[in-house]
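**Student:** Handing you a structure now.
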Amino acid sequence: MKTTGYAATDASLPLARYEFNRRDLRDNDVAMEVLYCGVCHTDLHQARNDWGWSMYPVVPGHEIVGRVTRIGNKVTRYRVGDHVAVGCMVDSCQHCDQCRKGEEQLCREGNTQTYNAKDRIDGTTTYGGYSKHLVVREEFALRMPDGLDLSKAAPLLCAGITTYSPLRTWNVGPGSRVGVIGLGGLGHMAVKLASAMGADVTVVSRTRYKEADALALGVDRLLVSSDGEAMRNAASSLDLIIDTVPVKHDVNPYLPLLDVDGTLVLVGQIGPLAEPSTIPLLMGRRRIAGSPIGGIAETQEMLDFCAKKNVLPDCEMIAIQDINAAFERLERADVRYRFVIDMASLAA
Ligand code: NAP
Ligand code: ZN
C-alpha cells in the first residue's frame, strides 16, 4: 500500500514529507488509518541520531491511535472500523519466557520497535506513526476502550505505559510516596497516573516555573532541584522516584530523597550516568533501576484504567507541518505537556 508520512532523512535535516510503501497484509495483520500520533522525546532522539543507531529515512511516531481499514484472513481480534492503538513495539518472538508471560518489551530475542527497526520476517525497516497508514500484526494492536477521547489518548501508548509500568511494578497505591523528576510528557503522565492510584506525589523540577501547572495536574508539592535547602528538608521522603530526564545527568542529588529501600527508576534512555555514589545506596539500602515501556497486556490494562478513572494527557494539537517547530520546543522543555499530531493535516 502506498502511503505518505513525514521523515527525517539525516540527523541535521528537518523532517519533510515522505512517500513510501506499507507491506501487503499478512494473515494476522490489520491495516489502520492513523488518526492521531503523539510526539515523544524519543522521536527527537531518533530523528537526530542521539543514540547512534538511526537508519534513515526515519519515520518517527509510537503513540498511535487509528481506525482499522482492512484485516488479514486470519485476524480474529479486530474488525474494520474498530478504533485501535499501537505503541512502541510491533512484534516480538512470541515464544520466549518473557513473551509468554506478556512482557514482550523484554523479549529475549529483542522486540521489534515501531520505527527505526528491522521487521523480523522480511527485514525491511519499520516506519512509525507520523504517517497516514500503518500495518501491524493484530497481537500488537491495542483496543481503544469506549469513552476514551481518541484525540487525547495517543500519548498513553508511550508516555502512559512507560510510567504506568514502574508504578505497578513497585506496587504504588494509597499511601505510596512517589517523586517524578522532570515535568514533561512522561512526567505529567506519571503524576496523573500516580495520583489516580492514590499516591502522594512530589514533582522535582529544575525551577518553580511549572508549579501552578503541577498543582493543577494533581501533585501534592513541587520541589525545586536547584534549591539545596528544600532538597535537604525533603530527605527520605519518597518511596519511589521516576526519573524522566532526557539527557545525561547526575542522580546523586536525588538519591537522598528516597526513604529506606526506596528505588529511583530511570526511564530516559541516556547512556552513561554521571557516577552515582554508593553512600546513599548502602546507607539507605536504596536502589537505582531502569524500566522500558510495558507489555501488551499491561498496556491494555493501562488504557482501561485511564478510561475508568478518566485519566488523559494534557495535549497540544498540532498539524504535521508544525513538527519541526514542535521538536525545537520539546528540546527547550517548552511543551504542556504532549504534542499530538492530528493526521488529518496530512493530505494523502
Ligand atoms: P520531555 O517531554 O522533553 O520531558 C523531559 C523533562 O525533563 C522536561 O520537561 C524537563 O522537566 C526535564 N529536563 C529536560 N532537560 C533537562 C535537564 N537538562 N536536566 C534536568 N531535567 C531536564 O521528554 P519525554 O517525552 O517525557 O521523554 C523523557 C525521556 O524518556 C526521553 O529520554 C525519552 O527518550 C525517554 N523515554 C523512555 C521510554 C522507556 O521505555 N523507558 C519511553 C519513552 C520515552 P522540568 O522542566 O520540569 O525540569
Ligand atoms: Zn516514546
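We name chains A, B, ... following the order of the C-alpha cells; residues begin at 1 in each chain, and ligands are numbered from 1 as shown.
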For chain A against ligand 1, with a cut-off of 7 Å and counting only C-alpha atoms and all ligand atoms, what is the closest atom pair and its distance in Å to one decimal for every residue that makes the cut, ordered by chain and number, as a tab-separated table?
**Tutor:**
residue	atom	partner	partner_atom_place_in_ligand_line	distance
A:Cys40	CA	ligand 1	25 (O)	4.2
A:His41	CA	ligand 1	25 (O)	3.7
A:Thr42	CA	ligand 1	34 (O)	3.6
A:His45	CA	ligand 1	34 (O)	6.4
A:Cys158	CA	ligand 1	43 (C)	5.5
A:Ala159	CA	ligand 1	43 (C)	5.7
A:Thr162	CA	ligand 1	40 (O)	5.3
A:Ile181	CA	ligand 1	47 (O)	6.9
A:Gly182	CA	ligand 1	11 (O)	3.4
A:Leu183	CA	ligand 1	47 (O)	3.7
A:Gly184	CA	ligand 1	4 (O)	3.3
A:Gly185	CA	ligand 1	26 (O)	3.8
A:Leu186	CA	ligand 1	26 (O)	3.6
A:Gly187	CA	ligand 1	26 (O)	5.7
A:Val204	CA	ligand 1	47 (O)	6.8
A:Ser205	CA	ligand 1	47 (O)	3.9
A:Arg206	CA	ligand 1	48 (O)	4.3
A:Thr207	CA	ligand 1	48 (O)	6.7
A:Lys210	CA	ligand 1	47 (O)	6.7
A:Thr244	CA	ligand 1	28 (C)	4.7
A:Val245	CA	ligand 1	7 (O)	4.0
A:Pro246	CA	ligand 1	32 (O)	3.3
A:Val247	CA	ligand 1	18 (N)	5.7
A:His249	CA	ligand 1	19 (N)	6.5
A:Val267	CA	ligand 1	41 (N)	3.8
A:Gly268	CA	ligand 1	30 (O)	3.6
A:Gln269	CA	ligand 1	32 (O)	5.0
A:Ile270	CA	ligand 1	32 (O)	6.1
A:Ser291	CA	ligand 1	41 (N)	5.3
A:Pro292	CA	ligand 1	40 (O)	3.5
A:Ile293	CA	ligand 1	40 (O)	3.8
A:Leu330	CA	ligand 1	3 (O)	5.1
A:Glu331	CA	ligand 1	3 (O)	6.2
A:Ala333	CA	ligand 1	9 (O)	4.3
A:Val335	CA	ligand 1	2 (O)	6.8
A:Tyr337	CA	ligand 1	2 (O)	6.7
A:Arg338	CA	ligand 1	2 (O)	6.6
**Student:** Got a sec: who's within 12 Å of A:Ala199, counting only C-alpha atoms, leaving out chain neighbours fewer than 6 positions off, as a list in words?
**Tutor:**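 Returned residues: Leu167, Arg168, Asn171, Val172, Gly173, Pro174, Gly175, Ser176, Arg177, Val178, Gly179, Val180, Ala190, Val191, Lys192, Leu193, Gly218, Val219, Asp220, Leu238, Asp239 and Leu240 of chain A.
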**Student:** Residues of the last selection are to be written out with all heavy atoms, as a compact mmCIF listing (two decimals), in the first residue's frame.
**Tutor:**
# COMPACT_ATOMS: atom_id res chain seq x y z
N LEU A 167 5.09 2.16 38.07
CA LEU A 167 4.20 2.39 39.21
C LEU A 167 3.58 1.06 39.66
O LEU A 167 3.43 0.79 40.85
CB LEU A 167 3.09 3.39 38.84
CG LEU A 167 3.56 4.83 38.57
CD1 LEU A 167 2.41 5.68 37.99
CD2 LEU A 167 4.08 5.48 39.86
N ARG A 168 3.24 0.20 38.70
CA ARG A 168 2.66 -1.11 39.03
C ARG A 168 3.74 -2.06 39.56
O ARG A 168 3.52 -2.79 40.52
CB ARG A 168 1.98 -1.72 37.80
CG ARG A 168 0.81 -0.89 37.29
CD ARG A 168 -0.45 -1.11 38.11
NE ARG A 168 -1.02 -2.41 37.83
CZ ARG A 168 -1.51 -3.25 38.74
NH1 ARG A 168 -1.49 -2.91 40.02
NH2 ARG A 168 -2.01 -4.39 38.38
N ASN A 171 4.38 -1.48 43.00
CA ASN A 171 3.18 -1.59 43.86
C ASN A 171 2.69 -0.26 44.43
O ASN A 171 2.36 -0.16 45.62
CB ASN A 171 3.44 -2.56 45.03
CG ASN A 171 3.70 -3.94 44.52
OD1 ASN A 171 2.96 -4.43 43.66
ND2 ASN A 171 4.74 -4.57 45.02
N VAL A 172 2.64 0.76 43.60
CA VAL A 172 2.16 2.06 44.08
C VAL A 172 0.64 2.00 44.31
O VAL A 172 -0.11 1.43 43.51
CB VAL A 172 2.53 3.16 43.06
CG1 VAL A 172 1.75 4.44 43.32
CG2 VAL A 172 4.03 3.42 43.13
N GLY A 173 0.24 2.57 45.41
CA GLY A 173 -1.19 2.63 45.77
C GLY A 173 -1.38 3.69 46.82
O GLY A 173 -0.47 4.50 47.07
N PRO A 174 -2.55 3.71 47.47
CA PRO A 174 -2.79 4.70 48.51
C PRO A 174 -1.69 4.64 49.57
O PRO A 174 -1.29 3.56 50.00
CB PRO A 174 -4.15 4.27 49.10
CG PRO A 174 -4.81 3.52 47.97
CD PRO A 174 -3.71 2.83 47.23
N GLY A 175 -1.17 5.80 49.92
CA GLY A 175 -0.11 5.86 50.94
C GLY A 175 1.30 5.85 50.35
O GLY A 175 2.25 6.22 51.03
N SER A 176 1.46 5.44 49.10
CA SER A 176 2.80 5.47 48.49
C SER A 176 3.23 6.91 48.29
O SER A 176 2.42 7.77 47.97
CB SER A 176 2.80 4.80 47.11
OG SER A 176 2.29 3.50 47.17
N ARG A 177 4.54 7.14 48.44
CA ARG A 177 5.08 8.49 48.22
C ARG A 177 5.95 8.44 46.97
O ARG A 177 7.02 7.83 46.97
CB ARG A 177 5.89 8.91 49.45
CG ARG A 177 5.03 8.99 50.73
CD ARG A 177 5.89 9.05 51.97
NE ARG A 177 6.76 7.89 52.10
CZ ARG A 177 7.79 7.80 52.95
NH1 ARG A 177 8.07 8.82 53.75
NH2 ARG A 177 8.53 6.71 52.99
N VAL A 178 5.43 9.07 45.91
CA VAL A 178 6.07 8.97 44.59
C VAL A 178 6.66 10.32 44.20
O VAL A 178 5.99 11.35 44.30
CB VAL A 178 5.04 8.52 43.52
CG1 VAL A 178 5.65 8.55 42.12
CG2 VAL A 178 4.51 7.12 43.84
N GLY A 179 7.90 10.31 43.72
CA GLY A 179 8.53 11.50 43.17
C GLY A 179 8.66 11.36 41.66
O GLY A 179 8.84 10.25 41.15
N VAL A 180 8.55 12.46 40.95
CA VAL A 180 8.68 12.45 39.49
C VAL A 180 9.67 13.53 39.12
O VAL A 180 9.44 14.72 39.41
CB VAL A 180 7.32 12.72 38.82
CG1 VAL A 180 7.48 12.77 37.30
CG2 VAL A 180 6.29 11.67 39.22
N ALA A 190 3.13 10.42 34.62
CA ALA A 190 3.47 9.77 35.89
C ALA A 190 2.67 10.41 37.03
O ALA A 190 2.13 9.73 37.90
CB ALA A 190 4.97 9.88 36.16
N VAL A 191 2.59 11.75 36.99
CA VAL A 191 1.85 12.48 38.01
C VAL A 191 0.38 12.06 38.01
O VAL A 191 -0.21 11.73 39.04
CB VAL A 191 1.96 14.00 37.76
CG1 VAL A 191 0.90 14.77 38.52
CG2 VAL A 191 3.36 14.49 38.09
N LYS A 192 -0.23 12.08 36.83
CA LYS A 192 -1.67 11.78 36.75
C LYS A 192 -1.95 10.34 37.16
O LYS A 192 -2.94 10.07 37.85
CB LYS A 192 -2.18 12.03 35.32
CG LYS A 192 -2.18 13.51 34.94
CD LYS A 192 -2.94 13.72 33.64
CE LYS A 192 -2.94 15.19 33.26
NZ LYS A 192 -4.17 15.62 32.61
N LEU A 193 -1.11 9.42 36.70
CA LEU A 193 -1.36 8.01 37.00
C LEU A 193 -1.13 7.71 38.49
O LEU A 193 -1.93 7.03 39.11
CB LEU A 193 -0.46 7.13 36.12
CG LEU A 193 -0.86 7.13 34.64
CD1 LEU A 193 0.28 6.57 33.77
CD2 LEU A 193 -2.14 6.33 34.41
N GLY A 218 -2.43 17.70 39.78
CA GLY A 218 -2.75 16.81 40.90
C GLY A 218 -1.58 16.49 41.81
O GLY A 218 -1.69 15.62 42.68
N VAL A 219 -0.42 17.18 41.65
CA VAL A 219 0.69 16.85 42.54
C VAL A 219 0.45 17.51 43.90
O VAL A 219 -0.28 18.49 44.03
CB VAL A 219 2.07 17.28 41.99
CG1 VAL A 219 2.23 16.92 40.54
CG2 VAL A 219 2.36 18.73 42.22
N ASP A 220 1.08 16.93 44.90
CA ASP A 220 0.92 17.47 46.24
C ASP A 220 1.93 18.57 46.53
O ASP A 220 1.68 19.44 47.33
CB ASP A 220 1.04 16.31 47.25
CG ASP A 220 -0.10 15.32 47.05
OD1 ASP A 220 -1.21 15.61 47.55
OD2 ASP A 220 0.07 14.32 46.33
N LEU A 238 10.53 9.91 50.06
CA LEU A 238 9.88 9.24 48.92
C LEU A 238 10.18 7.74 48.90
O LEU A 238 11.26 7.30 49.28
CB LEU A 238 10.38 9.87 47.60
CG LEU A 238 10.12 11.38 47.45
CD1 LEU A 238 10.86 11.93 46.23
CD2 LEU A 238 8.62 11.65 47.34
N ASP A 239 9.20 6.97 48.42
CA ASP A 239 9.40 5.52 48.28
C ASP A 239 9.89 5.16 46.88
O ASP A 239 10.62 4.19 46.70
CB ASP A 239 8.07 4.78 48.52
CG ASP A 239 7.49 5.11 49.89
OD1 ASP A 239 8.23 4.99 50.88
OD2 ASP A 239 6.31 5.50 49.95
N LEU A 240 9.42 5.90 45.91
CA LEU A 240 9.75 5.60 44.50
C LEU A 240 9.93 6.91 43.77
O LEU A 240 9.14 7.84 43.94
CB LEU A 240 8.58 4.82 43.86
CG LEU A 240 8.74 4.46 42.38
CD1 LEU A 240 9.78 3.36 42.20
CD2 LEU A 240 7.40 4.00 41.78
**Student:** Neighbours of stretch 49-57 of chain A within 12 Å (only C-alpha atoms; same-chain residues fewer than 3 positions away dropped), as JSON, numbers by chain?
**Tutor:** {"A": [5, 6, 7, 8, 9, 10, 11, 12, 13, 14, 15, 16, 17, 18, 19, 20, 41, 42, 43, 44, 45, 46, 60, 115, 116, 117, 118, 124, 125, 126, 127, 128, 246, 247, 248, 268, 269, 270, 271, 272]}
**Student:** Could you save the residues just selected, with N, CA and C atoms, as a compact mmCIF listing (two decimals), in the first residue's frame?
**Tutor:**
# COMPACT_ATOMS: atom_id res chain seq x y z
N GLY A 5 4.05 10.06 4.71
CA GLY A 5 4.39 10.38 6.09
C GLY A 5 5.34 11.55 6.15
N TYR A 6 5.93 11.73 7.33
CA TYR A 6 6.99 12.70 7.50
C TYR A 6 8.21 11.96 8.00
N ALA A 7 9.36 12.25 7.40
CA ALA A 7 10.57 11.52 7.75
C ALA A 7 11.75 12.46 7.96
N ALA A 8 12.66 12.01 8.82
CA ALA A 8 13.99 12.63 8.90
C ALA A 8 14.87 11.86 7.93
N THR A 9 15.55 12.54 7.05
CA THR A 9 16.42 11.84 6.10
C THR A 9 17.89 11.96 6.51
N ASP A 10 18.15 12.76 7.53
CA ASP A 10 19.51 12.93 8.03
C ASP A 10 19.40 13.60 9.41
N ALA A 11 20.42 13.40 10.25
CA ALA A 11 20.35 13.94 11.61
C ALA A 11 20.24 15.46 11.64
N SER A 12 20.74 16.11 10.61
CA SER A 12 20.79 17.57 10.65
C SER A 12 19.67 18.23 9.86
N LEU A 13 18.83 17.42 9.20
CA LEU A 13 17.79 18.00 8.35
C LEU A 13 16.43 17.98 9.04
N PRO A 14 15.58 18.98 8.76
CA PRO A 14 14.24 18.93 9.32
C PRO A 14 13.43 17.78 8.73
N LEU A 15 12.40 17.35 9.44
CA LEU A 15 11.52 16.33 8.88
C LEU A 15 10.77 16.91 7.68
N ALA A 16 10.52 16.06 6.69
CA ALA A 16 9.81 16.52 5.49
C ALA A 16 8.92 15.39 4.99
N ARG A 17 7.98 15.78 4.13
CA ARG A 17 7.03 14.82 3.56
C ARG A 17 7.78 13.68 2.86
N TYR A 18 7.27 12.47 3.02
CA TYR A 18 7.97 11.29 2.50
C TYR A 18 6.94 10.26 2.05
N GLU A 19 7.07 9.80 0.81
CA GLU A 19 6.13 8.79 0.27
C GLU A 19 6.81 7.43 0.38
N PHE A 20 6.06 6.43 0.81
CA PHE A 20 6.65 5.09 0.92
C PHE A 20 5.56 4.04 0.87
N HIS A 41 9.75 12.43 23.21
CA HIS A 41 11.15 12.91 23.12
C HIS A 41 12.03 11.88 22.41
N THR A 42 11.62 10.61 22.47
CA THR A 42 12.37 9.57 21.74
C THR A 42 12.36 9.86 20.23
N ASP A 43 11.27 10.40 19.72
CA ASP A 43 11.20 10.73 18.28
C ASP A 43 12.31 11.72 17.92
N LEU A 44 12.50 12.67 18.82
CA LEU A 44 13.54 13.68 18.62
C LEU A 44 14.93 13.03 18.70
N HIS A 45 15.14 12.17 19.73
CA HIS A 45 16.42 11.46 19.85
C HIS A 45 16.71 10.68 18.57
N GLN A 46 15.70 10.00 18.05
CA GLN A 46 15.93 9.12 16.89
C GLN A 46 16.11 9.93 15.61
N PRO A 60 9.26 8.76 12.43
CA PRO A 60 9.04 8.52 13.87
C PRO A 60 7.56 8.30 14.19
N TYR A 115 9.38 1.89 14.91
CA TYR A 115 10.12 2.53 13.81
C TYR A 115 11.61 2.42 14.08
N ASN A 116 12.38 2.61 13.03
CA ASN A 116 13.83 2.51 13.12
C ASN A 116 14.27 1.13 13.61
N ALA A 117 13.60 0.09 13.11
CA ALA A 117 13.97 -1.29 13.45
C ALA A 117 13.79 -2.12 12.19
N LYS A 118 14.16 -3.41 12.30
CA LYS A 118 14.00 -4.32 11.15
C LYS A 118 12.85 -5.27 11.42
N THR A 124 12.64 -5.58 6.34
CA THR A 124 12.52 -4.18 5.93
C THR A 124 12.50 -3.27 7.16
N THR A 125 12.79 -2.00 6.94
CA THR A 125 12.81 -1.04 8.05
C THR A 125 11.39 -0.71 8.47
N THR A 126 11.19 -0.62 9.79
CA THR A 126 9.85 -0.24 10.27
C THR A 126 9.72 1.28 10.27
N TYR A 127 8.52 1.72 9.95
CA TYR A 127 8.21 3.15 9.91
C TYR A 127 7.04 3.43 10.86
N GLY A 128 7.13 4.56 11.58
CA GLY A 128 6.18 4.83 12.65
C GLY A 128 4.94 5.59 12.24
N PRO A 246 15.74 13.60 30.00
CA PRO A 246 16.12 13.01 28.71
C PRO A 246 17.58 13.15 28.33
N VAL A 247 18.40 13.67 29.23
CA VAL A 247 19.83 13.86 28.91
C VAL A 247 20.68 13.31 30.06
N LYS A 248 21.96 13.08 29.78
CA LYS A 248 22.88 12.61 30.82
C LYS A 248 22.82 13.55 32.01
N GLY A 268 14.59 7.48 31.10
CA GLY A 268 15.27 8.13 29.97
C GLY A 268 16.37 7.22 29.44
N GLN A 269 16.42 7.06 28.13
CA GLN A 269 17.50 6.26 27.51
C GLN A 269 18.64 7.24 27.25
N ILE A 270 19.53 7.37 28.25
CA ILE A 270 20.51 8.46 28.20
C ILE A 270 21.94 7.97 28.20
N GLY A 271 22.15 6.66 28.13
CA GLY A 271 23.51 6.14 28.10
C GLY A 271 24.18 6.29 29.47
N PRO A 272 25.47 6.65 29.50
CA PRO A 272 26.18 6.67 30.79
C PRO A 272 25.61 7.70 31.75
**Student:** Within 8 Å of A:Val84, counting only C-alpha atoms, which residues qualify if same-chain residues fewer than 2 places away don't, as a PDB file with all heavy atoms, in the first residue's frame?
**Tutor:**
ATOM      1  N   VAL A  65      -2.974   6.287  17.390  1.00  0.00           N
ATOM      2  CA  VAL A  65      -4.390   5.931  17.504  1.00  0.00           C
ATOM      3  C   VAL A  65      -4.991   5.968  16.099  1.00  0.00           C
ATOM      4  O   VAL A  65      -4.757   6.920  15.342  1.00  0.00           O
ATOM      5  CB  VAL A  65      -5.138   6.920  18.428  1.00  0.00           C
ATOM      6  CG1 VAL A  65      -6.649   6.744  18.332  1.00  0.00           C
ATOM      7  CG2 VAL A  65      -4.683   6.730  19.875  1.00  0.00           C
ATOM      8  N   GLY A  66      -5.738   4.938  15.753  1.00  0.00           N
ATOM      9  CA  GLY A  66      -6.303   4.901  14.402  1.00  0.00           C
ATOM     10  C   GLY A  66      -7.542   4.043  14.294  1.00  0.00           C
ATOM     11  O   GLY A  66      -8.110   3.601  15.309  1.00  0.00           O
ATOM     12  N   ARG A  67      -7.932   3.841  13.065  1.00  0.00           N
ATOM     13  CA  ARG A  67      -9.150   3.066  12.780  1.00  0.00           C
ATOM     14  C   ARG A  67      -8.780   1.953  11.800  1.00  0.00           C
ATOM     15  O   ARG A  67      -8.074   2.187  10.808  1.00  0.00           O
ATOM     16  CB  ARG A  67     -10.199   3.992  12.159  1.00  0.00           C
ATOM     17  CG  ARG A  67     -11.544   3.330  11.888  1.00  0.00           C
ATOM     18  CD  ARG A  67     -12.599   4.356  11.481  1.00  0.00           C
ATOM     19  NE  ARG A  67     -12.061   5.314  10.536  1.00  0.00           N
ATOM     20  CZ  ARG A  67     -12.138   6.639  10.643  1.00  0.00           C
ATOM     21  NH1 ARG A  67     -12.760   7.193  11.650  1.00  0.00           N
ATOM     22  NH2 ARG A  67     -11.611   7.421   9.732  1.00  0.00           N
ATOM     23  N   VAL A  68      -9.273   0.743  12.074  1.00  0.00           N
ATOM     24  CA  VAL A  68      -8.947  -0.400  11.220  1.00  0.00           C
ATOM     25  C   VAL A  68      -9.651  -0.235   9.871  1.00  0.00           C
ATOM     26  O   VAL A  68     -10.859   0.026   9.806  1.00  0.00           O
ATOM     27  CB  VAL A  68      -9.393  -1.720  11.892  1.00  0.00           C
ATOM     28  CG1 VAL A  68      -9.188  -2.909  10.950  1.00  0.00           C
ATOM     29  CG2 VAL A  68      -8.634  -1.934  13.198  1.00  0.00           C
ATOM     30  N   ASP A  82     -12.988  -0.696  13.775  1.00  0.00           N
ATOM     31  CA  ASP A  82     -12.606  -0.631  15.197  1.00  0.00           C
ATOM     32  C   ASP A  82     -11.551   0.459  15.419  1.00  0.00           C
ATOM     33  O   ASP A  82     -10.673   0.661  14.572  1.00  0.00           O
ATOM     34  CB  ASP A  82     -11.990  -1.960  15.653  1.00  0.00           C
ATOM     35  CG  ASP A  82     -13.022  -3.061  15.839  1.00  0.00           C
ATOM     36  OD1 ASP A  82     -14.235  -2.755  15.790  1.00  0.00           O
ATOM     37  OD2 ASP A  82     -12.602  -4.221  16.027  1.00  0.00           O
ATOM     38  N   VAL A  86      -1.458   1.679  18.685  1.00  0.00           N
ATOM     39  CA  VAL A  86      -0.168   0.986  18.609  1.00  0.00           C
ATOM     40  C   VAL A  86       0.849   1.829  19.376  1.00  0.00           C
ATOM     41  O   VAL A  86       0.842   3.062  19.277  1.00  0.00           O
ATOM     42  CB  VAL A  86       0.272   0.806  17.134  1.00  0.00           C
ATOM     43  CG1 VAL A  86       1.663   0.168  17.055  1.00  0.00           C
ATOM     44  CG2 VAL A  86      -0.741  -0.047  16.368  1.00  0.00           C
ATOM     45  N   ALA A 141      -1.724  -4.662  18.341  1.00  0.00           N
ATOM     46  CA  ALA A 141      -2.702  -3.568  18.325  1.00  0.00           C
ATOM     47  C   ALA A 141      -3.484  -3.625  19.636  1.00  0.00           C
ATOM     48  O   ALA A 141      -3.808  -4.705  20.127  1.00  0.00           O
ATOM     49  CB  ALA A 141      -3.644  -3.728  17.131  1.00  0.00           C
ATOM     50  N   LEU A 142      -3.740  -2.466  20.203  1.00  0.00           N
ATOM     51  CA  LEU A 142      -4.499  -2.369  21.446  1.00  0.00           C
ATOM     52  C   LEU A 142      -5.913  -1.931  21.122  1.00  0.00           C
ATOM     53  O   LEU A 142      -6.120  -1.191  20.157  1.00  0.00           O
ATOM     54  CB  LEU A 142      -3.876  -1.327  22.380  1.00  0.00           C
ATOM     55  CG  LEU A 142      -2.559  -1.619  23.116  1.00  0.00           C
ATOM     56  CD1 LEU A 142      -2.661  -2.898  23.914  1.00  0.00           C
ATOM     57  CD2 LEU A 142      -1.377  -1.631  22.200  1.00  0.00           C
ATOM     58  N   ARG A 143      -6.851  -2.357  21.937  1.00  0.00           N
ATOM     59  CA  ARG A 143      -8.239  -1.941  21.737  1.00  0.00           C
ATOM     60  C   ARG A 143      -8.482  -0.638  22.477  1.00  0.00           C
ATOM     61  O   ARG A 143      -8.159  -0.529  23.666  1.00  0.00           O
ATOM     62  CB  ARG A 143      -9.174  -3.040  22.264  1.00  0.00           C
ATOM     63  CG  ARG A 143     -10.637  -2.748  22.065  1.00  0.00           C
ATOM     64  CD  ARG A 143     -11.475  -3.964  22.377  1.00  0.00           C
ATOM     65  NE  ARG A 143     -11.184  -5.102  21.496  1.00  0.00           N
ATOM     66  CZ  ARG A 143     -11.584  -5.204  20.237  1.00  0.00           C
ATOM     67  NH1 ARG A 143     -12.306  -4.234  19.697  1.00  0.00           N
ATOM     68  NH2 ARG A 143     -11.275  -6.263  19.518  1.00  0.00           N
ATOM     69  N   MET A 144      -9.042   0.359  21.797  1.00  0.00           N
ATOM     70  CA  MET A 144      -9.361   1.610  22.479  1.00  0.00           C
ATOM     71  C   MET A 144     -10.647   1.430  23.259  1.00  0.00           C
ATOM     72  O   MET A 144     -11.685   1.107  22.673  1.00  0.00           O
ATOM     73  CB  MET A 144      -9.549   2.739  21.457  1.00  0.00           C
ATOM     74  CG  MET A 144      -8.268   3.160  20.764  1.00  0.00           C
ATOM     75  SD  MET A 144      -6.963   3.618  21.924  1.00  0.00           S
ATOM     76  CE  MET A 144      -7.667   5.074  22.642  1.00  0.00           C
TER      77      MET A 144
END
**Student:** So which one's closest to A:Ala274, A:Asp119, A:Asp259, A:Asp243, A:Asp250? Using only C-alpha atoms, please.
**Tutor:** A:Asp250
**Student:** Just want the 12 Å neighbourhood of A:Ser237, counted on only C-alpha atoms, with same-chain residues fewer than 3 positions away dropped. Output as a VMD selection string.
**Tutor:** chain A and resid 176 to 179 200 to 202 221 223 230 to 234 240 to 241 254 to 263
**Student:** Can you tell me how far atom CA of A:Cys315 sits from atom CA of A:His62, in Å to one decimal?
**Tutor:**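 Separation between atom CA of A:Cys315 and atom CA of A:His62: 15.6 Å.
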**Student:** Where does DSSP see strand (DSSP E or B) in stretch 53-110 of chain A, if you list the residues as JSON, numbers by chain?
**Tutor:** {"A": [58, 64, 65, 66, 67, 68, 69, 70, 71, 83, 84, 85, 86, 89, 90, 91]}
**Student:** Using DSSP assignments from the backbone, pull out every residue in stretch 15-239 of chain A that falls under helix (DSSP H, G or I) and give it to me as a PyMOL selection string.
**Tutor:** chain A and resi 41-47+97-100+104-106+138-140+150-157+159-169+185-196+211-217+228-233
**Student:** Ranking A:Leu303, A:Ala348, A:Leu264, A:Leu156 by minimum distance to A:Pro276 and counting only C-alpha atoms, which one comes first?
**Tutor:**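 Result for the nearest residue to A:Pro276: A:Leu264.
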**Student:** To one decimal place in Å, what is the distance between atom CA of A:Asp24 and atom CA of A:Asp122?
**Tutor:**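 A separation of 11.5 Å between them.
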**Student:** If you count only C-alpha atoms, which residues fall within 10 Å of A:Gly147, apart from same-chain ones fewer than 3 positions away, as a PDB file with all heavy atoms, in the first residue's frame?
**Tutor:**
ATOM      1  N   MET A 144      -9.042   0.359  21.797  1.00  0.00           N
ATOM      2  CA  MET A 144      -9.361   1.610  22.479  1.00  0.00           C
ATOM      3  C   MET A 144     -10.647   1.430  23.259  1.00  0.00           C
ATOM      4  O   MET A 144     -11.685   1.107  22.673  1.00  0.00           O
ATOM      5  CB  MET A 144      -9.549   2.739  21.457  1.00  0.00           C
ATOM      6  CG  MET A 144      -8.268   3.160  20.764  1.00  0.00           C
ATOM      7  SD  MET A 144      -6.963   3.618  21.924  1.00  0.00           S
ATOM      8  CE  MET A 144      -7.667   5.074  22.642  1.00  0.00           C
ATOM      9  N   LEU A 150     -10.420   9.933  21.715  1.00  0.00           N
ATOM     10  CA  LEU A 150      -9.382   9.482  20.773  1.00  0.00           C
ATOM     11  C   LEU A 150      -8.350  10.566  20.512  1.00  0.00           C
ATOM     12  O   LEU A 150      -7.170  10.284  20.308  1.00  0.00           O
ATOM     13  CB  LEU A 150     -10.013   9.083  19.435  1.00  0.00           C
ATOM     14  CG  LEU A 150     -10.938   7.866  19.417  1.00  0.00           C
ATOM     15  CD1 LEU A 150     -11.453   7.650  18.000  1.00  0.00           C
ATOM     16  CD2 LEU A 150     -10.237   6.634  19.932  1.00  0.00           C
ATOM     17  N   ALA A 307      -9.447   4.885  31.040  1.00  0.00           N
ATOM     18  CA  ALA A 307     -10.849   5.108  30.664  1.00  0.00           C
ATOM     19  C   ALA A 307     -11.726   5.137  31.923  1.00  0.00           C
ATOM     20  O   ALA A 307     -12.595   5.995  32.078  1.00  0.00           O
ATOM     21  CB  ALA A 307     -11.313   4.017  29.708  1.00  0.00           C
ATOM     22  N   LYS A 308     -11.451   4.205  32.833  1.00  0.00           N
ATOM     23  CA  LYS A 308     -12.271   4.115  34.051  1.00  0.00           C
ATOM     24  C   LYS A 308     -12.070   5.326  34.954  1.00  0.00           C
ATOM     25  O   LYS A 308     -13.014   5.875  35.515  1.00  0.00           O
ATOM     26  CB  LYS A 308     -11.865   2.830  34.793  1.00  0.00           C
ATOM     27  CG  LYS A 308     -12.740   2.485  35.956  1.00  0.00           C
ATOM     28  CD  LYS A 308     -12.499   1.040  36.403  1.00  0.00           C
ATOM     29  CE  LYS A 308     -12.677   0.964  37.902  1.00  0.00           C
ATOM     30  NZ  LYS A 308     -11.749   0.078  38.556  1.00  0.00           N
ATOM     31  N   ASN A 310     -10.802   8.228  34.021  1.00  0.00           N
ATOM     32  CA  ASN A 310     -10.769   9.463  33.235  1.00  0.00           C
ATOM     33  C   ASN A 310      -9.407  10.167  33.321  1.00  0.00           C
ATOM     34  O   ASN A 310      -9.330  11.370  33.586  1.00  0.00           O
ATOM     35  CB  ASN A 310     -11.908  10.403  33.666  1.00  0.00           C
ATOM     36  CG  ASN A 310     -12.192  11.434  32.603  1.00  0.00           C
ATOM     37  OD1 ASN A 310     -11.886  11.212  31.426  1.00  0.00           O
ATOM     38  ND2 ASN A 310     -12.730  12.566  33.009  1.00  0.00           N
TER      39      ASN A 310
END
**Student:** Grab the atom CA of A:His95 to atom CA of A:Glu63 distance for me, in Å with one decimal place.
**Tutor:**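 Taking atom CA of A:His95 as the start and atom CA of A:Glu63 as the end point, the length is 25.5 Å.
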